[in-house]
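Coordinates as given in target_24.cif (mmCIF, C-alpha atoms):
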data_start
#
loop_
_atom_site.label_atom_id
_atom_site.label_comp_id
_atom_site.auth_asym_id
_atom_site.auth_seq_id
_atom_site.Cartn_x
_atom_site.Cartn_y
_atom_site.Cartn_z
CA MET V 1 -49.88 10.09 55.75
CA ILE V 2 -50.71 7.26 58.07
CA ALA V 3 -54.39 7.40 59.01
CA ASN V 4 -55.26 8.43 62.51
CA THR V 5 -57.51 5.61 63.63
CA PRO V 6 -59.28 5.06 66.96
CA ASP V 7 -58.75 2.10 69.28
CA PRO V 8 -60.01 -1.13 67.67
CA PRO V 9 -62.39 -2.52 66.70
CA TYR V 10 -62.95 -0.67 63.43
CA TYR V 11 -63.02 -1.81 59.80
CA ALA V 12 -60.45 -1.70 56.99
CA VAL V 13 -61.27 -2.05 53.29
CA ILE V 14 -58.12 -3.23 51.52
CA PHE V 15 -58.34 -2.45 47.79
CA SER V 16 -55.43 -3.96 45.81
CA SER V 17 -55.29 -3.28 42.09
CA ILE V 18 -53.33 -3.57 38.86
CA ARG V 19 -54.07 -0.80 36.36
CA THR V 20 -54.63 -1.01 32.63
CA GLU V 21 -52.89 1.45 30.33
CA VAL V 22 -56.00 3.63 30.21
CA ASN V 23 -55.38 6.85 32.14
CA GLU V 24 -58.22 9.00 30.87
CA GLY V 25 -60.23 10.35 33.76
CA TYR V 26 -58.53 8.12 36.29
CA SER V 27 -56.70 10.53 38.59
CA GLU V 28 -59.57 13.04 38.60
CA MET V 29 -61.97 10.26 39.60
CA ALA V 30 -59.56 8.91 42.24
CA ASP V 31 -59.28 12.39 43.80
CA LEU V 32 -63.04 12.85 43.68
CA MET V 33 -63.66 9.48 45.36
CA ILE V 34 -61.26 10.36 48.18
CA GLU V 35 -63.04 13.68 48.62
CA LEU V 36 -66.46 12.01 48.68
CA ALA V 37 -65.34 9.23 51.03
CA HIS V 38 -64.32 11.88 53.57
CA LYS V 39 -67.92 13.11 53.62
CA GLN V 40 -69.42 9.66 54.20
CA GLU V 41 -70.79 8.79 57.60
CA GLY V 42 -68.48 6.43 59.43
CA PHE V 43 -65.38 7.28 57.39
CA ILE V 44 -62.22 7.35 59.51
CA GLY V 45 -59.28 7.74 57.13
CA ILE V 46 -57.46 6.46 54.05
CA GLU V 47 -53.95 5.41 53.02
CA SER V 48 -52.77 4.80 49.48
CA ALA V 49 -49.58 3.76 47.68
CA ARG V 50 -48.84 2.52 44.19
CA ASN V 51 -45.95 1.19 42.15
CA GLU V 52 -46.40 -2.14 40.30
CA ILE V 53 -49.46 -2.73 42.43
CA GLY V 54 -51.76 -0.17 44.03
CA ILE V 55 -52.95 -0.61 47.61
CA THR V 56 -55.58 1.68 49.10
CA VAL V 57 -56.79 1.01 52.61
CA SER V 58 -59.79 2.95 53.86
CA TYR V 59 -60.88 2.78 57.48
CA TRP V 60 -64.50 2.79 58.62
CA LYS V 61 -66.45 2.79 61.83
CA ASP V 62 -68.59 -0.23 60.93
CA ILE V 63 -69.80 -2.53 58.16
CA ASP V 64 -72.90 -0.47 57.58
CA SER V 65 -70.83 2.62 56.65
CA ILE V 66 -68.88 0.49 54.16
CA ARG V 67 -72.08 -0.83 52.62
CA LYS V 68 -73.48 2.69 52.20
CA TRP V 69 -70.27 3.92 50.58
CA LYS V 70 -70.29 0.97 48.17
CA GLN V 71 -73.84 1.98 47.14
CA ASN V 72 -73.13 5.72 46.83
CA SER V 73 -74.30 6.70 43.34
CA ASP V 74 -71.14 8.57 42.33
CA HIS V 75 -69.07 5.72 43.68
CA LEU V 76 -71.11 3.22 41.62
CA VAL V 77 -70.18 5.17 38.47
CA ALA V 78 -66.50 5.06 39.51
CA GLN V 79 -66.67 1.33 40.27
CA ASN V 80 -68.12 0.67 36.84
CA LYS V 81 -65.42 2.70 35.07
CA GLY V 82 -62.85 0.89 37.19
CA ARG V 83 -64.09 -2.51 36.04
CA THR V 84 -64.41 -1.60 32.37
CA GLU V 85 -61.45 0.76 31.84
CA TRP V 86 -58.91 1.38 34.59
CA TYR V 87 -58.25 -1.94 36.28
CA LYS V 88 -56.95 -5.15 34.82
CA HIS V 89 -57.19 -6.95 38.12
CA TYR V 90 -58.38 -5.97 41.56
CA LYS V 91 -59.40 -7.44 44.87
CA THR V 92 -61.39 -5.79 47.63
CA ARG V 93 -61.09 -7.27 51.11
CA ILE V 94 -63.32 -6.17 53.95
CA SER V 95 -61.71 -6.77 57.31
CA LYS V 96 -62.25 -6.03 60.96
CA VAL V 97 -59.22 -4.54 62.72
CA GLU V 98 -58.86 -6.34 66.03
CA ARG V 99 -55.54 -4.97 67.26
CA ASP V 100 -53.07 -2.26 66.33
CA TYR V 101 -49.78 -0.80 67.55
CA GLY V 102 -47.15 1.50 66.19
CA LEU V 103 -44.34 3.98 66.43
CA GLY V 104 -44.31 7.77 66.23
CA LYS V 105 -46.89 10.56 66.19
CA MET N 1 -48.91 -9.11 42.20
CA ILE N 2 -52.23 -9.39 43.97
CA ALA N 3 -52.06 -12.16 46.55
CA ASN N 4 -53.98 -15.32 45.83
CA THR N 5 -56.03 -15.72 48.99
CA PRO N 6 -58.57 -18.41 49.94
CA ASP N 7 -62.22 -17.81 50.73
CA PRO N 8 -62.60 -15.79 53.96
CA PRO N 9 -62.16 -15.86 56.85
CA TYR N 10 -58.39 -15.31 56.96
CA TYR N 11 -56.22 -12.60 58.48
CA ALA N 12 -54.53 -9.50 57.05
CA VAL N 13 -51.68 -7.62 58.72
CA ILE N 14 -51.67 -4.08 57.37
CA PHE N 15 -48.27 -2.45 57.92
CA SER N 16 -48.24 1.27 57.00
CA SER N 17 -44.98 3.16 57.32
CA ILE N 18 -43.07 6.36 56.68
CA ARG N 19 -39.34 5.85 56.18
CA THR N 20 -36.42 7.82 57.61
CA GLU N 21 -33.56 8.83 55.32
CA VAL N 22 -31.51 5.84 56.49
CA ASN N 23 -31.24 3.29 53.69
CA GLU N 24 -28.38 1.17 54.92
CA GLY N 25 -29.40 -2.47 55.05
CA TYR N 26 -33.04 -1.69 54.45
CA SER N 27 -33.82 -3.31 51.10
CA GLU N 28 -31.72 -6.41 51.87
CA MET N 29 -33.62 -6.86 55.12
CA ALA N 30 -36.99 -6.23 53.46
CA ASP N 31 -36.21 -8.92 50.86
CA LEU N 32 -35.03 -11.33 53.54
CA MET N 33 -38.18 -10.79 55.61
CA ILE N 34 -40.40 -11.52 52.60
CA GLU N 35 -38.40 -14.68 51.93
CA LEU N 36 -38.68 -15.80 55.57
CA ALA N 37 -42.38 -14.97 55.80
CA HIS N 38 -43.04 -17.33 52.88
CA LYS N 39 -41.56 -20.16 54.95
CA GLN N 40 -43.71 -19.48 58.01
CA GLU N 41 -46.57 -21.78 58.82
CA GLY N 42 -49.90 -20.16 57.99
CA PHE N 43 -48.47 -17.63 55.54
CA ILE N 44 -50.78 -17.05 52.55
CA GLY N 45 -49.34 -14.14 50.58
CA ILE N 46 -48.08 -10.56 50.61
CA GLU N 47 -48.67 -7.30 48.71
CA SER N 48 -46.53 -4.20 48.95
CA ALA N 49 -46.43 -0.68 47.48
CA ARG N 50 -44.60 2.49 48.42
CA ASN N 51 -44.44 6.13 47.39
CA GLU N 52 -44.86 8.79 50.12
CA ILE N 53 -46.19 6.07 52.37
CA GLY N 54 -45.42 2.36 52.30
CA ILE N 55 -48.21 -0.18 52.68
CA THR N 56 -47.45 -3.88 53.05
CA VAL N 57 -50.32 -6.28 53.59
CA SER N 58 -49.49 -9.86 54.52
CA TYR N 59 -52.18 -12.53 54.66
CA TRP N 60 -52.28 -15.33 57.20
CA LYS N 61 -54.36 -18.37 57.99
CA ASP N 62 -54.97 -17.42 61.63
CA ILE N 63 -53.91 -15.22 64.55
CA ASP N 64 -51.56 -17.86 65.88
CA SER N 65 -49.48 -17.82 62.67
CA ILE N 66 -49.20 -14.02 62.96
CA ARG N 67 -48.08 -14.29 66.59
CA LYS N 68 -45.37 -16.81 65.69
CA TRP N 69 -44.10 -14.66 62.85
CA LYS N 70 -43.95 -11.62 65.13
CA GLN N 71 -41.78 -13.67 67.54
CA ASN N 72 -39.50 -15.15 64.87
CA SER N 73 -35.95 -14.33 65.99
CA ASP N 74 -34.74 -12.91 62.65
CA HIS N 75 -37.94 -10.91 62.41
CA LEU N 76 -37.36 -9.51 65.92
CA VAL N 77 -33.96 -8.20 64.77
CA ALA N 78 -35.62 -6.58 61.74
CA GLN N 79 -38.37 -5.05 63.88
CA ASN N 80 -35.78 -3.52 66.17
CA LYS N 81 -33.78 -2.02 63.28
CA GLY N 82 -37.06 -0.75 61.86
CA ARG N 83 -37.91 1.10 65.06
CA THR N 84 -34.44 2.56 65.60
CA GLU N 85 -33.28 3.28 62.05
CA TRP N 86 -35.59 2.81 59.09
CA TYR N 87 -39.01 4.06 60.13
CA LYS N 88 -40.05 7.47 61.34
CA HIS N 89 -43.64 6.42 61.82
CA TYR N 90 -45.49 3.14 61.41
CA LYS N 91 -48.69 1.43 62.32
CA THR N 92 -49.44 -2.28 62.28
CA ARG N 93 -53.08 -3.33 62.13
CA ILE N 94 -54.17 -6.91 62.58
CA SER N 95 -57.48 -7.60 60.93
CA LYS N 96 -59.78 -10.46 60.08
CA VAL N 97 -60.93 -10.55 56.47
CA GLU N 98 -64.65 -11.28 56.49
CA ARG N 99 -65.52 -10.80 52.83
CA ASP N 100 -63.73 -10.30 49.52
CA TYR N 101 -64.55 -9.90 45.85
CA GLY N 102 -62.69 -8.81 42.77
CA LEU N 103 -62.05 -8.70 39.06
CA GLY N 104 -59.66 -10.66 36.87
CA LYS N 105 -57.42 -13.70 37.25
#

Can the structure from this file be put into structure tokens for me?
Amino acid sequence: MIANTPDPPYYAVIFSSIRTEVNEGYSEMADLMIELAHKQEGFIGIESARNEIGITVSYWKDIDSIRKWKQNSDHLVAQNKGRTEWYKHYKTRISKVERDYGLGK
Amino acid sequence: MIANTPDPPYYAVIFSSIRTEVNEGYSEMADLMIELAHKQEGFIGIESARNEIGITVSYWKDIDSIRKWKQNSDHLVAQNKGRTEWYKHYKTRISKVERDYGLGK
């Protein structure tokens, strides 16, 4: 589902990743993080796709909401497991959406 | 492959899409657009993944490079076919990357 975002400006966190072969606990944690993100103040929506590379884009009201989510204690545990077990390579890019347009719905 | 991007600031165009059932010409055009984008001035890199939703993020030096790519004549043909045949729903978001960090390579 394409996220329903407001008129810009708002923020996008682009998380691009390459997984290791370790699957243990991964999908449960991914689901839990999506569930928790929805409860965070300033959360707008999330989009995710994966084949060779995974791309998850989460949308946020402002930088402060992103900072608080990054420091969320459950999320810190997930980030640590991500670094040590699930991801071979990743990049997180924090960006400010200045303009958007589209088709449909 | 995760795009090799410079230190911020730079720009990210986040293109999220839901496809129709029409496949004719789609993958050839997608490949051609990626090839052409690489030749555009200001192009930095591109990442793409699809399952239920497709997410393609292209990275650019500045807004002007993005504007020129949007107006590229072959790209205009592709955009038109996208609207009328290949995509049921899409959203393009133009954003300025302010910060990034990562793991690996």

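Remark: for Leu103 (chain V), the closest of the candidate residues N:Leu36, N:Ile46, N:Ile66, N:Ile18 is N:Ile18 (distances computed over only C-alpha atoms).
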
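Interface residues on chain N toward chain V (cut-off 7 Å, only C-alpha atoms): Met1, Ile2, Ser16, Ala49, Arg50, Asn51, Ile53, Gly54, Ile55, Lys88, His89, Tyr90, Lys91, Thr92, Arg93, Ile94, Ser95, Lys96, Val97, Glu98, Arg99, Asp100, Tyr101, Gly102, Leu103, Gly104 and Lys105 of chain N.
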
>> On this structure, the PyMOL selection byres ((chain V and resi 22) around 7) would catch which residues? List them as an MDAnalysis selection string, sorted by chain and number.
In response: chainID V and resid 20:21 23:24 85:86

>> Rounded to one decimal, what separation in Å do you get between CA of Tyr59 (chain N) and CA of Asn72 (chain N)?
In response: 16.5 Å

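Residue membership of the PyMOL selection byres ((chain N and resi 69) around 10) in the shown file amounts to N:Leu36, N:Ala37, N:Lys39, N:Gln40, N:Glu41, N:Gly42, N:Phe43, N:Trp60, N:Ile63, N:Asp64, N:Ser65, N:Ile66, N:Arg67, N:Lys68, N:Lys70, N:Gln71, N:Asn72, N:Ser73, N:Asp74, N:His75, N:Leu76.
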
Least-squares fit of chain V onto chain N (C-alpha, ordered pairing) as a PDB file with C-alpha atoms, in the frame of the given file:
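Dumped to selection.pdb:
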ATOM      1  CA  MET V   1     -48.925  -9.110  42.191  1.00  0.00           C
ATOM      2  CA  ILE V   2     -52.216  -9.381  43.973  1.00  0.00           C
ATOM      3  CA  ALA V   3     -52.064 -12.177  46.544  1.00  0.00           C
ATOM      4  CA  ASN V   4     -53.994 -15.313  45.830  1.00  0.00           C
ATOM      5  CA  THR V   5     -56.036 -15.722  48.981  1.00  0.00           C
ATOM      6  CA  PRO V   6     -58.567 -18.408  49.932  1.00  0.00           C
ATOM      7  CA  ASP V   7     -62.231 -17.806  50.731  1.00  0.00           C
ATOM      8  CA  PRO V   8     -62.604 -15.806  53.967  1.00  0.00           C
ATOM      9  CA  PRO V   9     -62.148 -15.864  56.852  1.00  0.00           C
ATOM     10  CA  TYR V  10     -58.392 -15.309  56.941  1.00  0.00           C
ATOM     11  CA  TYR V  11     -56.221 -12.589  58.481  1.00  0.00           C
ATOM     12  CA  ALA V  12     -54.528  -9.492  57.048  1.00  0.00           C
ATOM     13  CA  VAL V  13     -51.675  -7.612  58.725  1.00  0.00           C
ATOM     14  CA  ILE V  14     -51.677  -4.064  57.363  1.00  0.00           C
ATOM     15  CA  PHE V  15     -48.266  -2.443  57.917  1.00  0.00           C
ATOM     16  CA  SER V  16     -48.246   1.271  56.982  1.00  0.00           C
ATOM     17  CA  SER V  17     -44.980   3.154  57.313  1.00  0.00           C
ATOM     18  CA  ILE V  18     -43.063   6.361  56.684  1.00  0.00           C
ATOM     19  CA  ARG V  19     -39.325   5.847  56.200  1.00  0.00           C
ATOM     20  CA  THR V  20     -36.422   7.819  57.599  1.00  0.00           C
ATOM     21  CA  GLU V  21     -33.563   8.820  55.321  1.00  0.00           C
ATOM     22  CA  VAL V  22     -31.509   5.845  56.492  1.00  0.00           C
ATOM     23  CA  ASN V  23     -31.252   3.286  53.688  1.00  0.00           C
ATOM     24  CA  GLU V  24     -28.379   1.160  54.925  1.00  0.00           C
ATOM     25  CA  GLY V  25     -29.397  -2.468  55.048  1.00  0.00           C
ATOM     26  CA  TYR V  26     -33.050  -1.707  54.462  1.00  0.00           C
ATOM     27  CA  SER V  27     -33.820  -3.320  51.107  1.00  0.00           C
ATOM     28  CA  GLU V  28     -31.726  -6.413  51.868  1.00  0.00           C
ATOM     29  CA  MET V  29     -33.618  -6.863  55.140  1.00  0.00           C
ATOM     30  CA  ALA V  30     -36.993  -6.239  53.461  1.00  0.00           C
ATOM     31  CA  ASP V  31     -36.220  -8.926  50.852  1.00  0.00           C
ATOM     32  CA  LEU V  32     -35.038 -11.326  53.537  1.00  0.00           C
ATOM     33  CA  MET V  33     -38.194 -10.797  55.616  1.00  0.00           C
ATOM     34  CA  ILE V  34     -40.394 -11.527  52.597  1.00  0.00           C
ATOM     35  CA  GLU V  35     -38.395 -14.682  51.938  1.00  0.00           C
ATOM     36  CA  LEU V  36     -38.680 -15.800  55.565  1.00  0.00           C
ATOM     37  CA  ALA V  37     -42.390 -14.968  55.793  1.00  0.00           C
ATOM     38  CA  HIS V  38     -43.030 -17.332  52.875  1.00  0.00           C
ATOM     39  CA  LYS V  39     -41.561 -20.166  54.945  1.00  0.00           C
ATOM     40  CA  GLN V  40     -43.717 -19.467  58.004  1.00  0.00           C
ATOM     41  CA  GLU V  41     -46.578 -21.780  58.814  1.00  0.00           C
ATOM     42  CA  GLY V  42     -49.894 -20.177  57.987  1.00  0.00           C
ATOM     43  CA  PHE V  43     -48.481 -17.631  55.535  1.00  0.00           C
ATOM     44  CA  ILE V  44     -50.778 -17.051  52.556  1.00  0.00           C
ATOM     45  CA  GLY V  45     -49.336 -14.144  50.575  1.00  0.00           C
ATOM     46  CA  ILE V  46     -48.087 -10.555  50.602  1.00  0.00           C
ATOM     47  CA  GLU V  47     -48.668  -7.300  48.717  1.00  0.00           C
ATOM     48  CA  SER V  48     -46.527  -4.192  48.953  1.00  0.00           C
ATOM     49  CA  ALA V  49     -46.433  -0.681  47.484  1.00  0.00           C
ATOM     50  CA  ARG V  50     -44.606   2.490  48.420  1.00  0.00           C
ATOM     51  CA  ASN V  51     -44.430   6.127  47.409  1.00  0.00           C
ATOM     52  CA  GLU V  52     -44.851   8.801  50.127  1.00  0.00           C
ATOM     53  CA  ILE V  53     -46.191   6.080  52.375  1.00  0.00           C
ATOM     54  CA  GLY V  54     -45.429   2.363  52.306  1.00  0.00           C
ATOM     55  CA  ILE V  55     -48.216  -0.189  52.684  1.00  0.00           C
ATOM     56  CA  THR V  56     -47.456  -3.886  53.054  1.00  0.00           C
ATOM     57  CA  VAL V  57     -50.320  -6.281  53.598  1.00  0.00           C
ATOM     58  CA  SER V  58     -49.498  -9.860  54.515  1.00  0.00           C
ATOM     59  CA  TYR V  59     -52.179 -12.527  54.648  1.00  0.00           C
ATOM     60  CA  TRP V  60     -52.273 -15.332  57.203  1.00  0.00           C
ATOM     61  CA  LYS V  61     -54.347 -18.360  57.999  1.00  0.00           C
ATOM     62  CA  ASP V  62     -54.958 -17.410  61.637  1.00  0.00           C
ATOM     63  CA  ILE V  63     -53.892 -15.219  64.550  1.00  0.00           C
ATOM     64  CA  ASP V  64     -51.553 -17.852  65.887  1.00  0.00           C
ATOM     65  CA  SER V  65     -49.461 -17.810  62.674  1.00  0.00           C
ATOM     66  CA  ILE V  66     -49.200 -14.017  62.965  1.00  0.00           C
ATOM     67  CA  ARG V  67     -48.081 -14.263  66.576  1.00  0.00           C
ATOM     68  CA  LYS V  68     -45.378 -16.803  65.698  1.00  0.00           C
ATOM     69  CA  TRP V  69     -44.091 -14.649  62.844  1.00  0.00           C
ATOM     70  CA  LYS V  70     -43.947 -11.606  65.130  1.00  0.00           C
ATOM     71  CA  GLN V  71     -41.777 -13.655  67.534  1.00  0.00           C
ATOM     72  CA  ASN V  72     -39.490 -15.139  64.860  1.00  0.00           C
ATOM     73  CA  SER V  73     -35.941 -14.330  65.982  1.00  0.00           C
ATOM     74  CA  ASP V  74     -34.742 -12.919  62.654  1.00  0.00           C
ATOM     75  CA  HIS V  75     -37.921 -10.904  62.409  1.00  0.00           C
ATOM     76  CA  LEU V  76     -37.344  -9.506  65.925  1.00  0.00           C
ATOM     77  CA  VAL V  77     -33.947  -8.199  64.768  1.00  0.00           C
ATOM     78  CA  ALA V  78     -35.622  -6.581  61.734  1.00  0.00           C
ATOM     79  CA  GLN V  79     -38.372  -5.048  63.880  1.00  0.00           C
ATOM     80  CA  ASN V  80     -35.774  -3.525  66.168  1.00  0.00           C
ATOM     81  CA  LYS V  81     -33.789  -2.030  63.276  1.00  0.00           C
ATOM     82  CA  GLY V  82     -37.065  -0.750  61.858  1.00  0.00           C
ATOM     83  CA  ARG V  83     -37.901   1.088  65.074  1.00  0.00           C
ATOM     84  CA  THR V  84     -34.438   2.542  65.617  1.00  0.00           C
ATOM     85  CA  GLU V  85     -33.281   3.280  62.049  1.00  0.00           C
ATOM     86  CA  TRP V  86     -35.610   2.820  59.089  1.00  0.00           C
ATOM     87  CA  TYR V  87     -39.023   4.068  60.140  1.00  0.00           C
ATOM     88  CA  LYS V  88     -40.059   7.476  61.338  1.00  0.00           C
ATOM     89  CA  HIS V  89     -43.635   6.405  61.836  1.00  0.00           C
ATOM     90  CA  TYR V  90     -45.478   3.144  61.414  1.00  0.00           C
ATOM     91  CA  LYS V  91     -48.698   1.423  62.323  1.00  0.00           C
ATOM     92  CA  THR V  92     -49.443  -2.284  62.284  1.00  0.00           C
ATOM     93  CA  ARG V  93     -53.089  -3.321  62.134  1.00  0.00           C
ATOM     94  CA  ILE V  94     -54.167  -6.911  62.586  1.00  0.00           C
ATOM     95  CA  SER V  95     -57.487  -7.596  60.928  1.00  0.00           C
ATOM     96  CA  LYS V  96     -59.775 -10.465  60.093  1.00  0.00           C
ATOM     97  CA  VAL V  97     -60.929 -10.542  56.465  1.00  0.00           C
ATOM     98  CA  GLU V  98     -64.643 -11.266  56.494  1.00  0.00           C
ATOM     99  CA  ARG V  99     -65.518 -10.795  52.829  1.00  0.00           C
ATOM    100  CA  ASP V 100     -63.736 -10.306  49.528  1.00  0.00           C
ATOM    101  CA  TYR V 101     -64.543  -9.897  45.837  1.00  0.00           C
ATOM    102  CA  GLY V 102     -62.704  -8.833  42.748  1.00  0.00           C
ATOM    103  CA  LEU V 103     -62.043  -8.701  39.054  1.00  0.00           C
ATOM    104  CA  GLY V 104     -59.663 -10.677  36.855  1.00  0.00           C
ATOM    105  CA  LYS V 105     -57.428 -13.727  37.237  1.00  0.00           C
TER     106      LYS V 105
END

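We find CA of Gly25 (chain N) and CA of Lys81 (chain N) to be spaced 9.3 Å apart.
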
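The two atoms in question, CA of Ala78 (chain N) and CA of Ser58 (chain N), are spaced 16.0 Å apart.
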
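With distances restricted to only C-alpha atoms, N:Arg19 is the closest residue to Thr84 (chain N) from N:Glu28, N:Arg19, N:Asp62, N:Met33.
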